[in-house]
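**Q** Input: one structure, supplied below.
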Amino acid sequence: MPPKAAKPVVSRGFRGRRAADVDPARLPPGQYVTRDFPVLSAGPTPHTSLELWDFSIVGELDEPRKWTWEEFRALPSEEITRDIHCVNKWSKLDTVWRGVSVDTLLEGIETSGGYVTQFSDGGYTTNLPLEDITAGKAWVVFAYGDEPLEPEHGGPARMLVPRHYFWKSAKWIRGLRLHSTDEPGFWETNGYHNYGDPWQEQRYQGD
Amino acid sequence: MAGTAVPGRLSWQLAELAEVVVETPRVKTIVFDVPGWPSHRAGQHVDIRLTAEDGYQAERSFSIASAADGTRVALTVQKIEGGEVSPYLTEELRPGDKIELRGPIGGYFVWEPSERGPLMLVAGGSGIVPLMAMIRTREAAGDDTETVLLYSSRSRDDVIYRDELERLSGNGLAVVHALTDSQPPGWTGYARRVDAEMLAEVGPRPAERPRVYACGPTPFVEAVAEALVRLGHDPLAIKTERFGPTGR
Amino acid sequence: MDELMLDGNAIAGLLQEVFAVEMTTAVGTCGGCGAPGPVGAVHVYRGAGIVLRCPHCGNVLAKIVKGDSRVWIDSTGIRTLEVTV
């Protein structure tokens, strides 16, 4: 019988590529700080031209809304500095973005829906209660640092919902669909937690 | 079969580093002794798991570079600057150190002498590793399958296994290098990226129905596979293995 | 073409862990375009979880999420799977 290593064995001198000197209060349970920005993607990077890009709000509302790229960029935007937490256990502190608050996009909209699905180029979806993307909790961002958002990180525009694991911040966002019932998205239907609160360590179904 | 491990079941086991071989300035071969290793086939890989004191773990796959040889398993690792696992394996790990490993893994990107050929191997950078296992397996078996290796590297200094490839050439094995970024004085070989024209010049004709194995970074493998299909090779006879942007 | 894309070889260990047999030589049929092909040749993306896509039509063949002691597999995009036993 080959020797089985049931419990992980510490590898002498291995500590990975993690930042030291991090205030533990800033880190949700089970997370590690990374300095670089890992690129995760469920499919090929879409390259939608800005002429064809639009952002829409559809579903259960008085009247669907739609902005062209030009109209979207004319909306008031703000700089956002937040920590982000990936379900794959890396966190990145003090990331700086620029984008439009979801509150601005929802202004004047009347809806009976309590749930929202973010939908993206390439078919990705993710769901949240509507109240988790309103009141200053979520943005549609188009810049990272001082640079336009790169396609590999979700450009031209992605969602930023920093209070949830980062799969709840859809890359290549094209709109929001409002529902009266909760509709689990691309990952929520297969293993990942429906709500995804990093501070409760809600990674997987049943956590 | 009493007393043997359950076939197919994959479990982590301890492997002890036995030997380190410097291949190029950025590449080392690390040879492990793995008690109970069930042998492997050329093209298979292993998963490696590293665990830090505080429980942090990192897992990566590495192609096996060696032909089957008892409990010895050689991996060839390219150090990725700013990487997490490859700098540890190439700089920190010392003979006698133990890490966790499981394998052998994979069955699709595999060649055995009994499958014959002609064999066409196309490597980009460290994509040579599983193909070298095929060349070494062919050599160890005394097999004379008609084989051509087209191997793309940035420069002569980046060529992994350079001397061994030179030594093994002949007896049905042809090795052709393409040096994409810089060439030594007097270089008469290819000095550009692999393209359809090069594949046609170097490789067997589609009518010879070669078995093709292409391995390297994703853009390299995509370009090679596309060119081969355009030349008329059977898509089902082209097996590919892509390395991610951070290598393995 | 996407630099981040890998192929079925990259998840051979995970698949063998789950199914206890070598899976990259298994032949799946795409539920989208109907094309058959070995698991080793499918396109693989690493997002929050792992996504297997048809190399011919891009259809999502399967999604795999690995927790600490559980694995979830959504294989609704695969019509049939032929495994050598």
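To be explicit about the labels: the chains of the structure tokens are called A, B, and onward in the order shown, and within each one the residues are counted from 1, while ligands get numbers from 1 in the order they are shown.
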Stretch 16-186 of chain A: which residues are strand (DSSP E) by DSSP, as JSON, numbers by chain?
**A** {"A": [32, 33, 54, 55, 56, 57, 58, 59, 65, 66, 67, 68, 78, 79, 80, 81, 82, 83, 84, 85, 90, 91, 92, 93, 94, 95, 96, 97, 98, 99, 100, 101, 115, 116, 117, 118, 119, 120, 125, 126, 127, 128, 129, 139, 140, 141, 142, 143, 144, 147, 148, 158, 159, 160, 173, 174, 175, 176, 177, 178, 179]}
**Q** For stretch 27-36 of chain A, please output as a PyMOL selection string all residues within 10 Å (counting only C-alpha atoms; exclusion window: fewer than 3 positions along the same chain).
**A** (chain A and resi 16-24+39+83-93+197-201) or (chain B and resi 55-56+82)
**Q** Can those selected residues be exported to a file as a PDB file, in the first residue's frame so that it contains C-alpha atoms?
**A**
ATOM      1  CA  GLY A  16       2.213  31.221  -1.296  1.00  0.00           C
ATOM      2  CA  ARG A  17       2.167  34.694  -2.662  1.00  0.00           C
ATOM      3  CA  ARG A  18       0.091  36.314  -0.005  1.00  0.00           C
ATOM      4  CA  ALA A  19       0.427  39.745   1.495  1.00  0.00           C
ATOM      5  CA  ALA A  20       1.605  39.896   5.096  1.00  0.00           C
ATOM      6  CA  ASP A  21       0.654  42.572   7.663  1.00  0.00           C
ATOM      7  CA  VAL A  22      -3.073  42.582   6.957  1.00  0.00           C
ATOM      8  CA  ASP A  23      -5.529  43.773   9.587  1.00  0.00           C
ATOM      9  CA  PRO A  24      -7.410  40.525  10.286  1.00  0.00           C
ATOM     10  CA  VAL A  39      -8.827  36.653 -13.832  1.00  0.00           C
ATOM     11  CA  ASP A  83     -12.264  45.397  -0.637  1.00  0.00           C
ATOM     12  CA  ILE A  84     -13.360  42.538  -2.861  1.00  0.00           C
ATOM     13  CA  HIS A  85     -13.655  38.876  -1.866  1.00  0.00           C
ATOM     14  CA  CYS A  86     -13.600  35.941  -4.269  1.00  0.00           C
ATOM     15  CA  VAL A  87     -15.215  32.650  -3.274  1.00  0.00           C
ATOM     16  CA  ASN A  88     -11.941  30.955  -4.293  1.00  0.00           C
ATOM     17  CA  LYS A  89     -10.474  32.424  -1.100  1.00  0.00           C
ATOM     18  CA  TRP A  90      -8.574  35.455  -2.343  1.00  0.00           C
ATOM     19  CA  SER A  91      -9.411  38.971  -1.247  1.00  0.00           C
ATOM     20  CA  LYS A  92      -8.047  42.166  -2.722  1.00  0.00           C
ATOM     21  CA  LEU A  93      -8.027  45.258  -0.547  1.00  0.00           C
ATOM     22  CA  ASP A 197     -22.210  36.727   2.123  1.00  0.00           C
ATOM     23  CA  PRO A 198     -18.425  36.463   2.705  1.00  0.00           C
ATOM     24  CA  TRP A 199     -18.730  37.471   6.366  1.00  0.00           C
ATOM     25  CA  GLN A 200     -21.055  34.500   6.970  1.00  0.00           C
ATOM     26  CA  GLU A 201     -18.779  32.381   4.758  1.00  0.00           C
TER      27      GLU A 201
ATOM     28  CA  GLY B  55      -3.517  25.806   6.202  1.00  0.00           C
ATOM     29  CA  TYR B  56      -3.416  27.813   2.958  1.00  0.00           C
ATOM     30  CA  GLY B  82       5.552  36.302  -9.452  1.00  0.00           C
TER      31      GLY B  82
END
**Q** Would you list the contacts of A:Leu61 as a list in words, taking every protein, DNA or RNA residue within 8 Å and counting only C-alpha atoms, but skipping same-chain residues closer than 2 positions in sequence?
**A** Val58, Gly59, Glu63, Pro64, Ile109, Glu110, Thr111, Ser112, Gly113 and Leu178 of chain A
**Q** How close does each residue of chain C get to chain B, giving the shortest atom pair and distance in Å to one decimal for every residue with an atom at most 7 Å away, counting only C-alpha atoms, sorted by chain and residue number, as CSV?
**A**
residue,atom,partner,partner_atom,distance
C:Glu3,CA,B:Thr218,CA,5.6
C:Leu4,CA,B:Gly244,CA,6.0
C:Met5,CA,B:Thr218,CA,6.8
C:Leu6,CA,B:Arg242,CA,5.5
C:Asp7,CA,B:Arg242,CA,6.2
C:Asn9,CA,B:Gly106,CA,6.4
C:Ala12,CA,B:Gly106,CA,5.4
C:Gly13,CA,B:Ile105,CA,5.8
C:Gln16,CA,B:Leu10,CA,6.7
C:Glu17,CA,B:Leu10,CA,5.6
C:Ala20,CA,B:Gly8,CA,4.9
C:Val21,CA,B:Gly8,CA,4.7
C:Glu22,CA,B:Gly106,CA,6.4
C:Thr24,CA,B:Tyr108,CA,5.4
C:Thr25,CA,B:Tyr108,CA,5.0
C:Gly40,CA,B:Tyr108,CA,5.6
**Q** Pick out each residue of chain A that DSSP on the backbone tags as alpha helix (DSSP H); I need them as a list in words.
**A**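 Written out, the alpha helix (DSSP H) residues of chain A are Trp69, Glu70, Glu71, Phe72, Arg73, Ala74, Val102, Asp103, Thr104, Leu105 and Leu106 of chain A.
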**Q** Those residues with C-alpha atoms, as a compact mmCIF listing (two decimals), in the first residue's frame please?
**A**
# COMPACT_ATOMS: atom_id res chain seq x y z
CA TRP A 69 -22.96 53.66 -24.04
CA GLU A 70 -22.99 57.42 -24.63
CA GLU A 71 -26.10 57.91 -22.51
CA PHE A 72 -24.75 55.63 -19.80
CA ARG A 73 -21.46 57.51 -19.63
CA ALA A 74 -23.33 60.81 -19.37
CA VAL A 102 -27.42 51.29 -9.32
CA ASP A 103 -29.54 53.82 -7.39
CA THR A 104 -29.02 56.28 -10.25
CA LEU A 105 -30.11 53.68 -12.80
CA LEU A 106 -33.20 52.70 -10.82
**Q** B:Asp195, B:Asp234, B:Glu84, B:Glu226: which is nearest chain A, counting only C-alpha atoms?
**A** B:Glu84
**Q** Out of A:Arg82, A:Lys7, A:His179, A:Arg15, which residue has the shortest atom-to-atom distance to chain B when counting only C-alpha atoms?
**A** A:Arg15
**Q** With a cut-off of 7 Å and counting only C-alpha atoms, select all residues of chain A in contact with chain C and give the selection as a list in words.
**A**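 Interface list for chain A against chain C: Leu40, Ser41, Ala42, Gly43, Pro44, Thr45, Val87, Asn88, Trp167, Asn190, Gly191 and Tyr204 of chain A.
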**Q** Just the residues within 6 Å of C:Ile78, please, counting only C-alpha atoms, with nothing from its chain fewer than 4 positions along; format it as a VMD selection string.
**A** chain C and resid 29 to 31 61
**Q** Just the residues within 10 Å of A:Val116, please, counting only C-alpha atoms, with nothing from its chain fewer than 3 positions along; format it as a list in words.
**A** Ile57, Val58, Gly59, Glu60, Gly113, Phe119, Thr126, Asn127, Leu128, Pro129, Leu130, Glu131, Asp132, Ile133, Leu176, Arg177, Leu178, His179, Ser180, Thr181, Asp182, Glu183 and Pro184 of chain A
**Q** Should the cut-off be 9 Å, what would the residue list for chain B against chain A look like, counting only C-alpha atoms, as a PyMOL selection string?
**A** chain B and resi 3-5+11-14+34-37+49-58+82-85+88+92-93+97-100
**Q** Set the distance at 10 Å and use only C-alpha atoms: which residues neighbour B:Arg209 once local chain neighbours fewer than 5 positions away are removed? I'd like the list as a list in words.
**A**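 Surrounding residues, per the criterion: Gly117, Pro118, Leu119, Pro204, His233, Asp234 and Ala237 of chain B.
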